[in-house]
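Student: So here's my_file-v6.txt (compact mmCIF, C-alpha atoms and all ligand atoms).
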# COMPACT_ATOMS: atom_id res chain seq x y z
CA MET A 1 -4.45 -16.97 19.80
CA MET A 2 -7.41 -15.86 17.71
CA ARG A 3 -6.83 -17.49 14.30
CA PHE A 4 -9.57 -15.93 12.17
CA ASP A 5 -11.67 -19.09 12.66
CA GLY A 6 -14.66 -19.08 10.36
CA GLN A 7 -13.84 -15.67 8.90
CA ALA A 8 -13.51 -15.59 5.14
CA PRO A 9 -10.87 -13.23 3.69
CA ASP A 10 -13.60 -10.99 2.19
CA GLU A 11 -15.21 -10.66 5.63
CA ILE A 12 -11.83 -9.75 7.18
CA ALA A 13 -11.30 -7.16 4.43
CA LEU A 14 -14.67 -5.54 5.24
CA ARG A 15 -13.66 -5.23 8.90
CA LEU A 16 -10.34 -3.70 7.82
CA ALA A 17 -12.30 -1.19 5.72
CA GLN A 18 -14.21 -0.02 8.80
CA ILE A 19 -10.95 0.42 10.71
CA ALA A 20 -9.36 2.35 7.82
CA LEU A 21 -12.48 4.54 7.58
CA GLU A 22 -12.18 5.46 11.24
CA ALA A 23 -8.43 6.17 10.94
CA GLY A 24 -9.08 8.22 7.79
CA ARG A 25 -11.55 10.39 9.67
CA VAL A 26 -8.88 11.12 12.28
CA LEU A 27 -6.40 12.04 9.53
CA ARG A 28 -8.89 14.36 7.84
CA THR A 29 -9.46 16.30 11.05
CA MET A 30 -5.71 16.76 11.36
CA GLU A 31 -5.11 17.89 7.74
CA SER A 32 -5.60 21.56 8.40
CA ALA A 33 -3.82 21.59 11.77
CA LEU A 34 -0.34 23.09 11.84
CA ILE A 35 1.67 19.91 11.42
CA ASP A 36 4.89 19.59 13.33
CA LYS A 37 6.97 17.14 11.30
CA ARG A 38 10.02 15.15 12.35
CA ILE A 39 12.51 13.65 9.90
CA LYS A 40 13.25 9.99 10.65
CA ASP A 41 16.57 8.16 10.23
CA ASP A 42 15.60 7.05 6.69
CA GLY A 43 15.02 10.68 5.69
CA THR A 44 11.21 10.41 5.49
CA PRO A 45 8.90 12.64 7.57
CA THR A 46 6.51 11.66 10.35
CA THR A 47 3.87 13.74 12.13
CA ALA A 48 1.42 13.60 15.04
CA ALA A 49 -1.16 12.44 12.49
CA ASP A 50 0.88 9.31 11.65
CA LEU A 51 1.09 8.48 15.35
CA ALA A 52 -2.59 9.16 16.14
CA ALA A 53 -3.84 7.07 13.20
CA GLU A 54 -1.43 4.26 14.01
CA ALA A 55 -2.47 4.10 17.70
CA LEU A 56 -6.13 3.90 16.69
CA ILE A 57 -5.55 1.19 14.08
CA ILE A 58 -3.49 -0.94 16.48
CA GLN A 59 -6.20 -0.63 19.15
CA ARG A 60 -8.95 -1.64 16.72
CA LEU A 61 -6.97 -4.58 15.29
CA ASN A 62 -6.21 -5.80 18.81
CA GLU A 63 -9.91 -5.57 19.73
CA ALA A 64 -10.96 -7.50 16.63
CA TRP A 65 -8.16 -10.11 16.55
CA ASP A 66 -6.57 -10.33 19.96
CA GLY A 67 -3.02 -11.70 19.96
CA VAL A 68 -2.27 -11.23 16.27
CA PRO A 69 0.91 -9.09 16.01
CA VAL A 70 0.58 -5.68 14.38
CA VAL A 71 3.76 -4.53 12.63
CA ALA A 72 3.09 -0.84 12.06
CA GLU A 73 5.39 1.77 10.53
CA GLU A 74 5.99 3.96 13.56
CA THR A 75 6.37 1.12 16.11
CA SER A 76 7.68 -1.75 13.99
CA SER A 77 10.74 -2.38 16.14
CA THR A 78 8.57 -3.30 19.16
CA VAL A 79 6.71 -6.23 17.56
CA GLN A 80 7.71 -9.60 16.09
CA PRO A 81 5.85 -10.96 13.05
CA ASP A 82 4.27 -14.40 13.39
CA ASP A 83 2.65 -16.91 11.02
CA TYR A 84 -0.26 -14.43 10.87
CA PHE A 85 0.41 -10.73 11.39
CA PHE A 86 -0.78 -7.32 10.23
CA LEU A 87 1.32 -4.80 8.30
CA VAL A 88 0.11 -1.23 8.81
CA ASP A 89 1.02 2.08 7.25
CA PRO A 90 -1.28 4.51 9.05
CA LEU A 91 -0.31 7.34 6.69
CA ASP A 92 1.40 6.41 3.44
CA GLY A 93 2.47 9.55 1.64
CA THR A 94 3.19 11.67 4.71
CA GLY A 95 4.91 14.20 2.41
CA ASP A 96 1.68 14.63 0.49
CA PHE A 97 -0.33 14.89 3.69
CA ILE A 98 1.96 17.73 4.74
CA HIS A 99 1.79 19.43 1.32
CA GLY A 100 -1.98 19.09 1.06
CA THR A 101 -2.26 17.18 -2.25
CA GLY A 102 -4.68 14.69 -0.68
CA GLU A 103 -2.77 11.76 -2.20
CA TYR A 104 -2.17 9.84 0.98
CA SER A 105 -3.52 6.49 2.07
CA VAL A 106 -4.16 4.22 5.04
CA ASN A 107 -2.79 0.74 4.29
CA ILE A 108 -3.57 -2.40 6.30
CA ALA A 109 -2.73 -5.95 5.21
CA LEU A 110 -3.15 -9.28 6.96
CA ILE A 111 -0.19 -11.51 6.14
CA ARG A 112 -0.20 -15.28 6.40
CA GLY A 113 3.00 -17.17 5.69
CA GLN A 114 4.73 -14.18 4.05
CA ARG A 115 1.94 -13.25 1.62
CA PRO A 116 -1.11 -10.99 2.12
CA VAL A 117 -4.56 -12.59 2.37
CA ALA A 118 -6.77 -9.57 3.12
CA ALA A 119 -6.14 -5.85 2.73
CA VAL A 120 -7.46 -2.31 2.58
CA VAL A 121 -6.09 0.88 1.03
CA ALA A 122 -8.17 3.94 1.86
CA ALA A 123 -7.59 7.42 0.45
CA PRO A 124 -9.56 9.58 2.91
CA ALA A 125 -9.09 12.93 1.18
CA MET A 126 -10.09 11.46 -2.18
CA GLY A 127 -13.12 9.60 -0.85
CA SER A 128 -11.98 6.28 -2.31
CA ILE A 129 -11.25 2.91 -0.77
CA TRP A 130 -10.13 -0.45 -2.15
CA ILE A 131 -10.30 -3.80 -0.38
CA ALA A 132 -9.50 -7.39 -1.20
CA GLY A 133 -9.98 -10.69 0.47
CA ASP A 134 -10.57 -13.20 -2.29
CA THR A 135 -12.26 -10.50 -4.39
CA ALA A 136 -10.94 -6.99 -5.11
CA ARG A 137 -13.48 -4.21 -4.69
CA ARG A 138 -13.51 -0.44 -4.89
CA GLY A 139 -15.85 1.73 -2.85
CA SER A 140 -16.67 5.29 -1.93
CA LEU A 141 -15.84 6.39 1.58
CA PRO A 142 -19.07 7.27 3.38
CA SER A 143 -19.35 10.69 4.97
CA GLY A 144 -20.88 11.72 8.29
CA GLN A 145 -22.27 8.82 10.29
CA ASP A 146 -22.98 6.80 7.13
CA THR A 147 -21.23 3.43 6.89
CA ASP A 148 -22.33 2.28 3.42
CA PHE A 149 -19.31 1.95 1.15
CA ALA A 150 -21.17 1.19 -2.14
CA TRP A 151 -18.74 -1.51 -3.27
CA GLN A 152 -18.10 -2.54 -6.87
CA ASP A 153 -15.81 -5.31 -8.10
CA THR A 154 -12.65 -3.90 -9.64
CA ARG A 155 -10.50 -5.34 -12.41
CA VAL A 156 -7.27 -4.51 -14.27
CA ARG A 157 -7.33 -3.71 -17.98
CA PRO A 158 -5.34 -5.47 -20.74
CA ALA A 159 -2.22 -3.44 -21.56
CA PRO A 160 -2.47 -1.50 -24.81
CA GLU A 161 0.12 -2.33 -27.53
CA ALA A 162 1.69 1.12 -27.06
CA ASP A 163 1.11 4.19 -24.94
CA LEU A 164 1.07 2.48 -21.56
CA VAL A 165 0.07 4.61 -18.57
CA ALA A 166 2.88 4.54 -15.98
CA LEU A 167 2.49 5.78 -12.43
CA VAL A 168 5.53 7.38 -10.84
CA SER A 169 6.16 8.68 -7.34
CA ARG A 170 5.72 12.42 -6.97
CA ARG A 171 8.55 12.64 -4.44
CA HIS A 172 10.89 9.68 -4.91
CA GLY A 173 12.52 8.81 -8.23
CA ASP A 174 15.78 7.08 -9.16
CA ILE A 175 17.88 6.17 -12.18
CA ALA A 176 17.24 2.41 -11.96
CA THR A 177 13.48 2.98 -12.08
CA GLU A 178 13.84 5.19 -15.15
CA ALA A 179 16.04 2.57 -16.86
CA CYS A 180 13.43 -0.11 -16.24
CA LEU A 181 10.61 2.09 -17.56
CA SER A 182 12.61 3.06 -20.66
CA VAL A 183 12.21 -0.40 -22.25
CA LEU A 184 8.41 -0.15 -22.10
CA SER A 185 6.30 1.83 -24.53
CA ILE A 186 5.07 4.48 -22.09
CA GLY A 187 2.63 7.07 -23.46
CA THR A 188 1.63 8.79 -20.22
CA ARG A 189 3.47 9.28 -16.93
CA ARG A 190 1.19 10.18 -14.11
CA MET A 191 2.63 11.34 -10.79
CA THR A 192 0.82 9.67 -7.90
CA SER A 193 1.75 9.24 -4.26
CA SER A 194 1.30 6.41 -1.80
CA ALA A 195 -0.30 2.98 -2.37
CA LEU A 196 -2.86 4.61 -4.64
CA LYS A 197 -0.54 3.61 -7.48
CA PHE A 198 -1.37 -0.09 -6.96
CA CYS A 199 -5.07 0.71 -6.68
CA LEU A 200 -5.29 2.76 -9.87
CA ILE A 201 -3.76 -0.16 -11.76
CA ALA A 202 -6.22 -2.50 -10.00
CA SER A 203 -9.04 -0.27 -11.27
CA GLY A 204 -7.84 -0.32 -14.88
CA GLU A 205 -6.78 3.35 -14.88
CA ALA A 206 -3.06 2.66 -15.39
CA ASP A 207 -0.76 -0.15 -16.50
CA VAL A 208 2.52 -0.10 -14.63
CA TYR A 209 4.32 1.18 -11.53
CA VAL A 210 8.03 0.44 -11.19
CA ARG A 211 9.90 1.23 -7.98
CA CYS A 212 13.63 0.51 -7.59
CA GLY A 213 14.23 3.05 -4.79
CA PRO A 214 13.58 2.25 -1.13
CA THR A 215 10.15 1.25 0.10
CA MET A 216 8.96 -0.60 3.16
CA GLU A 217 6.74 -3.66 3.42
CA TRP A 218 3.86 -1.60 4.86
CA ASP A 219 3.99 0.64 1.77
CA THR A 220 3.30 -2.28 -0.58
CA ALA A 221 1.61 -5.28 1.10
CA ALA A 222 -1.98 -4.02 0.97
CA GLY A 223 -1.72 -2.62 -2.56
CA ASP A 224 0.07 -5.79 -3.72
CA HIS A 225 -2.83 -7.95 -2.54
CA ILE A 226 -5.54 -5.70 -4.00
CA LEU A 227 -3.79 -5.59 -7.37
CA CYS A 228 -3.20 -9.36 -7.44
CA ARG A 229 -6.86 -10.09 -6.63
CA ALA A 230 -7.90 -7.65 -9.37
CA GLY A 231 -5.97 -9.74 -11.91
CA GLY A 232 -2.58 -8.01 -11.88
CA SER A 233 0.69 -8.83 -10.27
CA VAL A 234 3.56 -7.36 -8.26
CA VAL A 235 6.95 -8.89 -8.97
CA GLY A 236 10.55 -8.50 -7.96
CA PRO A 237 13.63 -9.43 -10.01
CA GLY A 238 13.07 -12.65 -11.98
CA GLY A 239 9.31 -12.25 -11.81
CA VAL A 240 9.14 -13.53 -8.23
CA PRO A 241 6.29 -12.23 -6.00
CA LEU A 242 7.27 -10.05 -3.03
CA THR A 243 7.26 -11.69 0.39
CA TYR A 244 6.57 -10.04 3.74
CA GLY A 245 7.68 -10.28 7.36
CA HIS A 246 11.42 -9.75 6.82
CA GLU A 247 12.26 -8.28 10.20
CA ASP A 248 15.91 -9.23 9.60
CA ARG A 249 16.19 -6.70 6.78
CA GLY A 250 14.19 -4.01 8.57
CA TYR A 251 11.09 -4.69 6.44
CA ARG A 252 12.76 -3.13 3.39
CA ASN A 253 11.54 -4.23 -0.03
CA GLY A 254 13.75 -4.77 -3.04
CA PRO A 255 12.95 -3.34 -6.48
CA PHE A 256 9.53 -4.30 -7.83
CA ALA A 257 7.09 -3.70 -10.65
CA ALA A 258 3.32 -3.60 -10.27
CA ILE A 259 1.53 -4.47 -13.50
CA GLY A 260 -2.10 -4.79 -14.49
CA ASP A 261 -1.51 -7.11 -17.43
CA THR A 262 0.73 -10.04 -16.52
CA ALA A 263 1.83 -10.23 -20.19
CA LEU A 264 4.08 -7.23 -19.40
CA ALA A 265 6.16 -9.29 -16.94
CA PRO A 266 8.68 -10.76 -19.46
CA LYS A 267 9.50 -7.24 -20.71
CA LEU A 268 10.66 -6.09 -17.26
CA ASP A 269 14.29 -6.13 -16.25
CA LEU A 270 14.51 -5.18 -12.59
CA PRO A 271 17.92 -4.82 -10.93
CA VAL A 272 18.67 -7.25 -8.09
CA ALA A 273 19.14 -5.39 -4.78
CA ALA A 274 22.07 -6.81 -2.84
CA SER A 275 20.39 -6.18 0.52
CA VAL A 276 17.37 -8.34 -0.23
CA ALA A 277 18.64 -10.79 -2.85
N1 LIG B 1 14.77 6.57 1.97
C1 LIG B 1 13.68 5.83 2.20
N2 LIG B 1 13.73 4.76 3.01
C2 LIG B 1 12.63 4.01 3.23
N3 LIG B 1 11.41 4.27 2.69
C3 LIG B 1 11.32 5.32 1.88
C4 LIG B 1 12.42 6.17 1.59
N4 LIG B 1 12.01 7.13 0.76
C5 LIG B 1 10.67 6.89 0.54
N5 LIG B 1 10.27 5.81 1.21
C6 LIG B 1 8.94 5.25 1.25
O1 LIG B 1 8.14 5.76 0.20
C7 LIG B 1 6.85 6.09 0.72
C8 LIG B 1 6.22 7.18 -0.07
O2 LIG B 1 6.09 6.70 -1.38
P1 LIG B 1 5.60 7.67 -2.55
O3 LIG B 1 6.71 8.60 -2.87
O4 LIG B 1 5.34 6.70 -3.65
O5 LIG B 1 4.37 8.35 -2.06
C9 LIG B 1 7.09 6.50 2.14
O6 LIG B 1 5.93 6.18 2.86
P2 LIG B 1 5.48 7.02 4.19
O7 LIG B 1 4.93 8.33 3.71
O8 LIG B 1 4.45 6.15 4.82
O9 LIG B 1 6.71 7.16 5.04
C10 LIG B 1 8.30 5.65 2.56
O10 LIG B 1 7.94 4.49 3.26
MG MG B 2 3.59 6.13 6.81
For this file, produce the structure as structure tokens.

Tutor:
Amino acid sequence: MMRFDGQAPDEIALRLAQIALEAGRVLRTMESALIDKRIKDDGTPTTAADLAAEALIIQRLNEAWDGVPVVAEETSSTVQPDDYFFLVDPLDGTGDFIHGTGEYSVNIALIRGQRPVAAVVAAPAMGSIWIAGDTARRGSLPSGQDTDFAWQDTRVRPAPEADLVALVSRRHGDIATEACLSVLSIGTRRMTSSALKFCLIASGEADVYVRCGPTMEWDTAAGDHILCRAGGSVVGPGGVPLTYGHEDRGYRNGPFAAIGDTALAPKLDLPVAASVA
């Protein structure tokens, strides 16, 4: 099996960026098409765009790293994770894709031993992309045939004493999340969809994102890595980092908080989810 010999995490992240760029171009061409959506067993929608982007990403990952399993949202039950594997959400924020807000992302993470080591989150309709291997960087998505991303290092900001900026899901909220946020001094709540929430914290534009409702590993792994490499952290109950590759629990995450300033961690009181405790 190809084991990424000689490839540094930053180099892998650059290759993931090219794959996400290509998938993003497919998604953009499908934005204005009449989308026929299907509601899955978990109540979330899927479309032909999710499937087309996923097929392309799997093909490209297989070409680049033959034999490394790709656990992707729409086909996750057909693949077993290994010591190294990819987690892919070809279209995170399908609801937003359907409603035309543009706040959707392509998420790809390479996992090694339950933690991400390289990742990309691309927001095709917003023209932004974030990557991390060892270093977290933000870029602009090139248009046309251009392939120059114009990367810049990205970094979290220190949390202000008061008036924190919290990011909340536009479509999924719950009482436990609100209870957790209520102990923090939040000044601004900004509704944002998809893994962009991790990336905006990684870029110093927001301070905290708490999520106690259901999410899947492919929703969080790439953003988790980018935020951690930008100086922040993503923690579950007890301040423990999230781990990935839990096929036994259907790749469901427990509650978590994403924070830019790690000094916020002791203030958090996340509920323990029975299913993943
Ligand atoms: N009931 C549920 N079960 C599992 N995942 C859910 C869910 N409700 C929402 N999600 C997850 O939340 C993601 C959207 O998050 P947000 O509201 O922050 O944009 C969805 O991503 P997809 O659009 O890729 O399915 C989905 O994975
Ligand atoms: Mg998806």

Student: Pick out the residues no farther than 8 Å from ligand LIG 1 (chain B), counting only C-alpha atoms and all ligand atoms, and list them as a PyMOL selection string.

Tutor: chain A and resi 42-46+73+89-96+103-104+168-173+192-195+197+213-216+218-219+252

Student: Counting all atoms listed in the file, what is within 7 Å of Ile186 (chain A), bar same-chain residues fewer than 4 positions away, as a PyMOL selection string?

Tutor: chain A and resi 162-166

Student: My list of candidates is A:Asn62, A:Ser77, A:Asn107, A:Ser32. Which is closest to Ala222 (chain A) when distances are computed with all atoms listed in the file?

Tutor: A:Asn107

Student: Provide the CA of Val117 (chain A) to CA of Trp65 (chain A) distance in Å, to one decimal place.

Tutor: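 That distance, rounded to one decimal, is 14.8 Å.
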
Student: If you count only C-alpha atoms, which residues fall within 10 Å of Ala230 (chain A), apart from same-chain ones fewer than 6 positions away, as a ChimeraX atom specification?

Tutor: /A:132,134-137,153-157,199,201-204,224,260

Student: Please measure the separation of CA of Asp148 (chain A) and CA of Ile129 (chain A), giving the value in Å to one decimal.

Tutor: 11.9 Å

Student: Which one is closest to Glu74 (chain A): A:Ile58, A:His99, A:Ala176, A:Gly239? Count all atoms listed in the file.

Tutor: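 Closest residue, counting all atoms listed in the file: A:Ile58.
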
Student: Could you jot down the CA of Leu110 (chain A) to CA of Tyr84 (chain A) separation for me, Å, one decimal place?

Tutor: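 Going from CA of Leu110 (chain A) over to CA of Tyr84 (chain A), I get 7.1 Å.
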
Student: Counting all atoms listed in the file, figure out which residue out of A:Ile108, A:Ala150, A:Leu268, A:Val79 gets nearest to Leu184 (chain A).

Tutor: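 Counting all atoms listed in the file, the residue closest to Leu184 (chain A) is A:Leu268.
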
Student: At most 8 Å from (-15.6, 5.1, -2.4), file frame, all atoms listed in the file: which residues, as a PyMOL selection string?

Tutor: chain A and resi 127-130+138-142+149-151

Student: Nearest to Ala53 (chain A) among A:Val106, A:Ile35, A:Leu264, A:Leu227, with distances taken over only C-alpha atoms: which residue is it?

Tutor: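 Under the stated criterion, the closest residue is A:Val106.
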